[in-house]
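Structure record follows, encoded as structure tokens.
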Amino acid sequence: MSAPASIRTQSPPPQTHRLRLPTPAEALASLLRTLVVALFLITFLIQPYLIPSESMERTLLIGDFLLANRQILAPSDALSHTLLPYREVQRGDIVVFHHPRPPLLIKRVAGIPGDHIRVDNGHLSVNGVRIPEPYAAFEPTAYNPARDVFPGTVYSDPNVSPDWWHKLPSLVQNGELVVPPGQYFVLGDNRNHSEDSRFWGLVPRDAIVARPMLIYFSVRRPSSTDVEQAPDDKLGHDRELTAKLTGFARWERIFRVVR
């Protein structure tokens, strides 16, 4: 009896994978798609901003680069509301808005339409209730009646807008500012170093264009106030090359959500 024949299997030849470079036409098409998406995001949804002043410290520091949502608070029609996220402006929102000087400002909404507003020694009361503000900074400074007591009767600060000073009495009831429809009262978090609604008036709804989402980068810049003078803001000794290379940015602030 003969032994059964063995079955030999032959492995398929190994496959070779070659890297194929895109043709110029394919590379151009990919680049154009990327540019279209980027332009759409920047034009309609997301806008980058740079913080140039200390009025929102400690929340936002000089040198912070922000990405802001242009859609969620932007005035729009009913059709866009159904397609994209949208909500009304709320107390406590940080908003970017158009302003005559400079063209864009960023502040925190302290009062919405119908609110009764009063500021005593820089501290905010809304509808007769003192508002806790853990985000607010109060650096010691000389007393300023235009800034520290609002609405007041003495406006000697030259930074107060004359138009706002003349209009303000018509909006005051029982020593409180009553925010009219379609208007918003805004304050800077660095309460003693911010020119805001106390100085130049209310923000119309259609002037609000964006809400900051996160800090995507932050470059160390000196501040004229003492609110943010932490040791990690120093570059270190001249001989410390590593400190020079890494100390130009606030790395701990990158991708921090803005609240």
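Ordered as shown in the structure tokens, chains take letters A, B, and onward, while each chain numbers its residues from 1 and ligands are numbered from 1 in the order shown.
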Item to check | Contacts of segment 152-157 of chain A at 10 Å (only C-alpha atoms; same-chain gap of 5+ positions) as a list in words | outcome: Arg118, Val119, Asp120, Asn144, Pro145, Ala146, Arg147, Pro162, Trp165, Leu168, Pro169, Val172, Gly175, Glu176, Leu177, Arg198 and Phe199 of chain A
Item to check | Surrounding residues of Thr225 of chain A excluding itself and chain neighbours under 3 positions, 10 Å, only C-alpha atoms, as number ranges by chain | outcome: A: 54-55, 57, 139-140, 190, 192-193, 222, 228-229
Would you write out those residues with C-alpha atoms, as a PDB file, in the first residue's frame?
```pdb
ATOM      1  CA  GLU A  54      -5.774  94.164  30.253  1.00  0.00           C
ATOM      2  CA  SER A  55      -9.486  94.988  30.656  1.00  0.00           C
ATOM      3  CA  GLU A  57      -7.743  90.025  33.139  1.00  0.00           C
ATOM      4  CA  GLU A 139      -6.868  95.897  41.841  1.00  0.00           C
ATOM      5  CA  PRO A 140      -6.457  98.680  44.437  1.00  0.00           C
ATOM      6  CA  ASN A 190     -10.572  93.730  35.405  1.00  0.00           C
ATOM      7  CA  ASN A 192     -10.874  98.943  37.932  1.00  0.00           C
ATOM      8  CA  HIS A 193      -9.058  98.980  34.584  1.00  0.00           C
ATOM      9  CA  PRO A 222       3.591  92.697  29.984  1.00  0.00           C
ATOM     10  CA  GLU A 228      -1.457  88.815  36.352  1.00  0.00           C
ATOM     11  CA  GLN A 229       2.135  89.020  37.514  1.00  0.00           C
TER      12      GLN A 229
END
```
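DSSP annotation of segment 144-226 of chain A from backbone atoms: helix (DSSP H, G or I) residues are A:Pro145, A:Ala146, A:Arg147, A:Asp148, A:Pro162, A:Asp163, A:Trp164, A:Trp165, A:His166, A:Lys167, A:Leu168, A:Pro169, A:Ser170, A:Leu171, A:Arg191, A:Asn192, A:His193, A:Ser197, A:Arg198, A:Phe199, A:Trp200, A:Arg205, A:Asp206, A:Ala207.
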Limited to N, CA, C and O atoms, could you put the picked residues into a file as a short mmCIF file (atom, residue, chain, number, x, y, z; two decimals), in the first residue's frame?
```
data_model
loop_
_atom_site.label_atom_id
_atom_site.label_comp_id
_atom_site.auth_asym_id
_atom_site.auth_seq_id
_atom_site.Cartn_x
_atom_site.Cartn_y
_atom_site.Cartn_z
N PRO A 145 -15.53 108.20 41.00
CA PRO A 145 -16.99 108.09 41.11
C PRO A 145 -17.66 107.61 39.83
O PRO A 145 -18.68 106.93 39.88
N ALA A 146 -17.10 107.93 38.68
CA ALA A 146 -17.69 107.48 37.42
C ALA A 146 -17.58 105.98 37.26
O ALA A 146 -18.42 105.34 36.62
N ARG A 147 -16.56 105.39 37.84
CA ARG A 147 -16.31 103.96 37.70
C ARG A 147 -16.86 103.16 38.87
O ARG A 147 -17.41 102.06 38.68
N ASP A 148 -16.73 103.67 40.09
CA ASP A 148 -17.01 102.88 41.29
C ASP A 148 -18.46 102.95 41.75
O ASP A 148 -18.92 102.05 42.46
N PRO A 162 -19.72 112.14 26.61
CA PRO A 162 -20.73 113.17 26.88
C PRO A 162 -22.14 112.75 26.44
O PRO A 162 -23.12 113.03 27.14
N ASP A 163 -22.24 112.06 25.30
CA ASP A 163 -23.55 111.60 24.84
C ASP A 163 -24.18 110.63 25.83
O ASP A 163 -25.38 110.69 26.11
N TRP A 164 -23.36 109.73 26.38
CA TRP A 164 -23.86 108.77 27.35
C TRP A 164 -24.26 109.47 28.65
O TRP A 164 -25.28 109.15 29.25
N TRP A 165 -23.49 110.44 29.05
CA TRP A 165 -23.79 111.18 30.28
C TRP A 165 -25.14 111.89 30.18
O TRP A 165 -25.95 111.87 31.11
N HIS A 166 -25.43 112.47 29.02
CA HIS A 166 -26.70 113.18 28.84
C HIS A 166 -27.87 112.21 28.68
O HIS A 166 -29.00 112.53 29.08
N LYS A 167 -27.62 111.03 28.14
CA LYS A 167 -28.70 110.06 27.93
C LYS A 167 -29.02 109.28 29.19
O LYS A 167 -30.17 108.86 29.41
N LEU A 168 -28.03 109.08 30.04
CA LEU A 168 -28.17 108.19 31.20
C LEU A 168 -29.35 108.53 32.12
O LEU A 168 -30.08 107.63 32.53
N PRO A 169 -29.58 109.81 32.47
CA PRO A 169 -30.69 110.10 33.40
C PRO A 169 -32.04 109.58 32.94
O PRO A 169 -32.89 109.22 33.77
N SER A 170 -32.26 109.50 31.63
CA SER A 170 -33.55 109.03 31.14
C SER A 170 -33.74 107.53 31.33
O SER A 170 -34.86 107.02 31.20
N LEU A 171 -32.66 106.81 31.65
CA LEU A 171 -32.73 105.36 31.84
C LEU A 171 -32.66 104.95 33.30
O LEU A 171 -32.68 103.75 33.61
N ARG A 191 -12.10 95.01 36.76
CA ARG A 191 -13.13 96.01 36.98
C ARG A 191 -12.60 97.44 37.14
O ARG A 191 -13.26 98.38 36.72
N ASN A 192 -11.41 97.60 37.73
CA ASN A 192 -10.87 98.94 37.93
C ASN A 192 -10.01 99.43 36.78
O ASN A 192 -9.46 100.53 36.84
N HIS A 193 -9.87 98.60 35.74
CA HIS A 193 -9.06 98.98 34.58
C HIS A 193 -9.80 98.63 33.30
O HIS A 193 -9.22 98.03 32.38
N SER A 197 -19.52 99.79 29.73
CA SER A 197 -20.82 100.47 29.67
C SER A 197 -20.94 101.60 30.68
O SER A 197 -21.77 102.50 30.51
N ARG A 198 -20.15 101.59 31.72
CA ARG A 198 -20.17 102.70 32.67
C ARG A 198 -19.67 103.99 32.04
O ARG A 198 -20.05 105.08 32.45
N PHE A 199 -18.82 103.86 31.02
CA PHE A 199 -18.17 105.02 30.42
C PHE A 199 -18.79 105.45 29.09
O PHE A 199 -18.82 106.63 28.78
N TRP A 200 -19.24 104.47 28.28
CA TRP A 200 -19.72 104.85 26.95
C TRP A 200 -21.10 104.29 26.59
O TRP A 200 -21.59 104.52 25.50
N ARG A 205 -28.09 94.90 20.38
CA ARG A 205 -28.05 93.46 20.07
C ARG A 205 -27.38 93.17 18.74
O ARG A 205 -26.62 92.20 18.63
N ASP A 206 -27.67 93.99 17.73
CA ASP A 206 -27.11 93.69 16.42
C ASP A 206 -25.62 93.99 16.31
O ASP A 206 -24.99 93.69 15.30
N ALA A 207 -25.01 94.59 17.37
CA ALA A 207 -23.57 94.82 17.37
C ALA A 207 -22.79 93.61 17.87
O ALA A 207 -21.58 93.53 17.66
#
```
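Between atom CA of Ile72 of chain A and atom CA of Glu252 of chain A the interatomic distance comes to 26.9 Å.
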Item to check | strand (DSSP E or B) per DSSP on the backbone: members of segment 51-182 of chain A, as a PyMOL selection string | outcome: chain A and resi 64-69+94-98+104-111+116-120+123-126+129-130+137+149-150+172-173+176-178
Spatial neighbours of Ala249 of chain A, 9 Å, only C-alpha atoms, chain gap at least 6 places, as an mmCIF file with all heavy atoms, in the first residue's frame:
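around19.cif, freshly written:
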```
data_model
loop_
_atom_site.group_PDB
_atom_site.id
_atom_site.type_symbol
_atom_site.label_atom_id
_atom_site.label_comp_id
_atom_site.auth_asym_id
_atom_site.auth_seq_id
_atom_site.Cartn_x
_atom_site.Cartn_y
_atom_site.Cartn_z
ATOM 1 N N GLY A 63 -2.071 89.105 24.949
ATOM 2 C CA GLY A 63 -1.324 88.088 24.225
ATOM 3 C C GLY A 63 -2.078 86.796 24.018
ATOM 4 O O GLY A 63 -1.581 85.901 23.334
ATOM 5 N N PHE A 217 -3.670 79.868 21.667
ATOM 6 C CA PHE A 217 -2.260 80.159 21.907
ATOM 7 C C PHE A 217 -2.193 81.398 22.786
ATOM 8 O O PHE A 217 -3.151 82.190 22.846
ATOM 9 C CB PHE A 217 -1.499 80.390 20.594
ATOM 10 C CG PHE A 217 0.003 80.293 20.748
ATOM 11 C CD1 PHE A 217 0.591 79.079 21.014
ATOM 12 C CD2 PHE A 217 0.813 81.406 20.633
ATOM 13 C CE1 PHE A 217 1.973 78.966 21.175
ATOM 14 C CE2 PHE A 217 2.179 81.309 20.784
ATOM 15 C CZ PHE A 217 2.761 80.084 21.055
ATOM 16 N N SER A 218 -1.086 81.567 23.491
ATOM 17 C CA SER A 218 -0.931 82.726 24.356
ATOM 18 C C SER A 218 0.534 83.109 24.427
ATOM 19 O O SER A 218 1.381 82.303 24.819
ATOM 20 C CB SER A 218 -1.466 82.428 25.765
ATOM 21 O OG SER A 218 -1.398 83.573 26.579
ATOM 22 N N VAL A 219 0.832 84.345 24.040
ATOM 23 C CA VAL A 219 2.195 84.883 24.059
ATOM 24 C C VAL A 219 2.331 85.789 25.269
ATOM 25 O O VAL A 219 1.457 86.605 25.555
ATOM 26 C CB VAL A 219 2.490 85.665 22.768
ATOM 27 C CG1 VAL A 219 3.901 86.249 22.805
ATOM 28 C CG2 VAL A 219 2.316 84.772 21.557
ATOM 29 N N ARG A 220 3.409 85.642 25.998
ATOM 30 C CA ARG A 220 3.621 86.474 27.182
ATOM 31 C C ARG A 220 3.816 87.931 26.779
ATOM 32 O O ARG A 220 4.673 88.250 25.966
ATOM 33 C CB ARG A 220 4.841 85.985 27.965
ATOM 34 C CG ARG A 220 4.692 84.581 28.498
ATOM 35 C CD ARG A 220 5.812 84.238 29.445
ATOM 36 N NE ARG A 220 5.811 82.803 29.728
ATOM 37 C CZ ARG A 220 5.033 82.225 30.626
ATOM 38 N NH1 ARG A 220 4.194 82.966 31.321
ATOM 39 N NH2 ARG A 220 5.077 80.928 30.821
ATOM 40 N N ARG A 221 2.986 88.783 27.358
ATOM 41 C CA ARG A 221 3.092 90.216 27.131
ATOM 42 C C ARG A 221 2.947 90.918 28.474
ATOM 43 O O ARG A 221 2.146 90.509 29.306
ATOM 44 C CB ARG A 221 2.000 90.697 26.168
ATOM 45 C CG ARG A 221 2.173 90.211 24.738
ATOM 46 C CD ARG A 221 3.364 90.903 24.076
ATOM 47 N NE ARG A 221 3.497 90.545 22.667
ATOM 48 C CZ ARG A 221 4.240 89.554 22.225
ATOM 49 N NH1 ARG A 221 4.914 88.807 23.083
ATOM 50 N NH2 ARG A 221 4.315 89.297 20.935
ATOM 51 N N ASP A 233 5.526 84.215 34.457
ATOM 52 C CA ASP A 233 5.522 85.188 33.384
ATOM 53 C C ASP A 233 6.922 85.729 33.090
ATOM 54 O O ASP A 233 7.084 86.554 32.201
ATOM 55 C CB ASP A 233 4.605 86.364 33.726
ATOM 56 C CG ASP A 233 3.182 86.096 33.284
ATOM 57 O OD1 ASP A 233 2.978 85.086 32.600
ATOM 58 O OD2 ASP A 233 2.305 86.893 33.622
#
```
Next on the checklist: Which residues are near Val96 of chain A? Cut-off 7 Å, only C-alpha atoms, ignore same chain within fewer than 2 positions. Put them as an NGL selection string.
Outcome noted: :A and (104-107 or 208-211)
Please produce an output containing N, CA and C atoms for each residue in the selection, written as an mmCIF file, in the first residue's frame.
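Generated output (part.cif):
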```cif
data_model
loop_
_atom_site.group_PDB
_atom_site.id
_atom_site.type_symbol
_atom_site.label_atom_id
_atom_site.label_comp_id
_atom_site.auth_asym_id
_atom_site.auth_seq_id
_atom_site.Cartn_x
_atom_site.Cartn_y
_atom_site.Cartn_z
ATOM 1 N N LEU A 104 -13.639 96.752 17.427
ATOM 2 C CA LEU A 104 -14.139 95.565 18.105
ATOM 3 C C LEU A 104 -13.696 95.583 19.564
ATOM 4 N N LEU A 105 -14.611 95.206 20.451
ATOM 5 C CA LEU A 105 -14.303 95.084 21.868
ATOM 6 C C LEU A 105 -14.774 93.731 22.370
ATOM 7 N N ILE A 106 -14.232 93.325 23.523
ATOM 8 C CA ILE A 106 -14.658 92.090 24.171
ATOM 9 C C ILE A 106 -14.891 92.388 25.647
ATOM 10 N N LYS A 107 -16.106 92.082 26.133
ATOM 11 C CA LYS A 107 -16.492 92.326 27.523
ATOM 12 C C LYS A 107 -17.433 91.208 27.967
ATOM 13 N N ILE A 208 -23.462 92.673 18.543
ATOM 14 C CA ILE A 208 -22.785 91.491 19.093
ATOM 15 C C ILE A 208 -22.575 90.478 17.981
ATOM 16 N N VAL A 209 -21.323 90.065 17.784
ATOM 17 C CA VAL A 209 -20.999 89.241 16.623
ATOM 18 C C VAL A 209 -20.423 87.874 16.969
ATOM 19 N N ALA A 210 -19.926 87.656 18.189
ATOM 20 C CA ALA A 210 -19.272 86.375 18.464
ATOM 21 C C ALA A 210 -19.152 86.136 19.961
ATOM 22 N N ARG A 211 -18.906 84.876 20.290
ATOM 23 C CA ARG A 211 -18.645 84.463 21.675
ATOM 24 C C ARG A 211 -17.368 83.638 21.691
#
```
Next on the checklist: What's around Arg101 of chain A at 12 Å? Count only C-alpha atoms, leave out sequence neighbours fewer than 5 positions away in its own chain, and write the answer as a PyMOL selection string.
Outcome noted: chain A and resi 161+195-196+200
Using N, CA, C and O atoms, can you write the selected residues to a file as a PDB file, in the first residue's frame?
```pdb
ATOM      1  N   SER A 161     -18.240 109.269  27.991  1.00  0.00           N
ATOM      2  CA  SER A 161     -18.789 109.857  26.780  1.00  0.00           C
ATOM      3  C   SER A 161     -19.837 110.920  27.128  1.00  0.00           C
ATOM      4  O   SER A 161     -20.779 110.636  27.887  1.00  0.00           O
ATOM      5  N   GLU A 195     -12.710 100.346  30.540  1.00  0.00           N
ATOM      6  CA  GLU A 195     -13.712 101.291  30.052  1.00  0.00           C
ATOM      7  C   GLU A 195     -14.807 100.480  29.376  1.00  0.00           C
ATOM      8  O   GLU A 195     -14.556  99.780  28.395  1.00  0.00           O
ATOM      9  N   ASP A 196     -16.003 100.559  29.919  1.00  0.00           N
ATOM     10  CA  ASP A 196     -17.097  99.696  29.482  1.00  0.00           C
ATOM     11  C   ASP A 196     -18.395 100.475  29.496  1.00  0.00           C
ATOM     12  O   ASP A 196     -18.389 101.691  29.278  1.00  0.00           O
ATOM     13  N   TRP A 200     -19.244 104.465  28.284  1.00  0.00           N
ATOM     14  CA  TRP A 200     -19.723 104.848  26.951  1.00  0.00           C
ATOM     15  C   TRP A 200     -21.099 104.286  26.595  1.00  0.00           C
ATOM     16  O   TRP A 200     -21.586 104.518  25.499  1.00  0.00           O
TER      17      TRP A 200
END
```
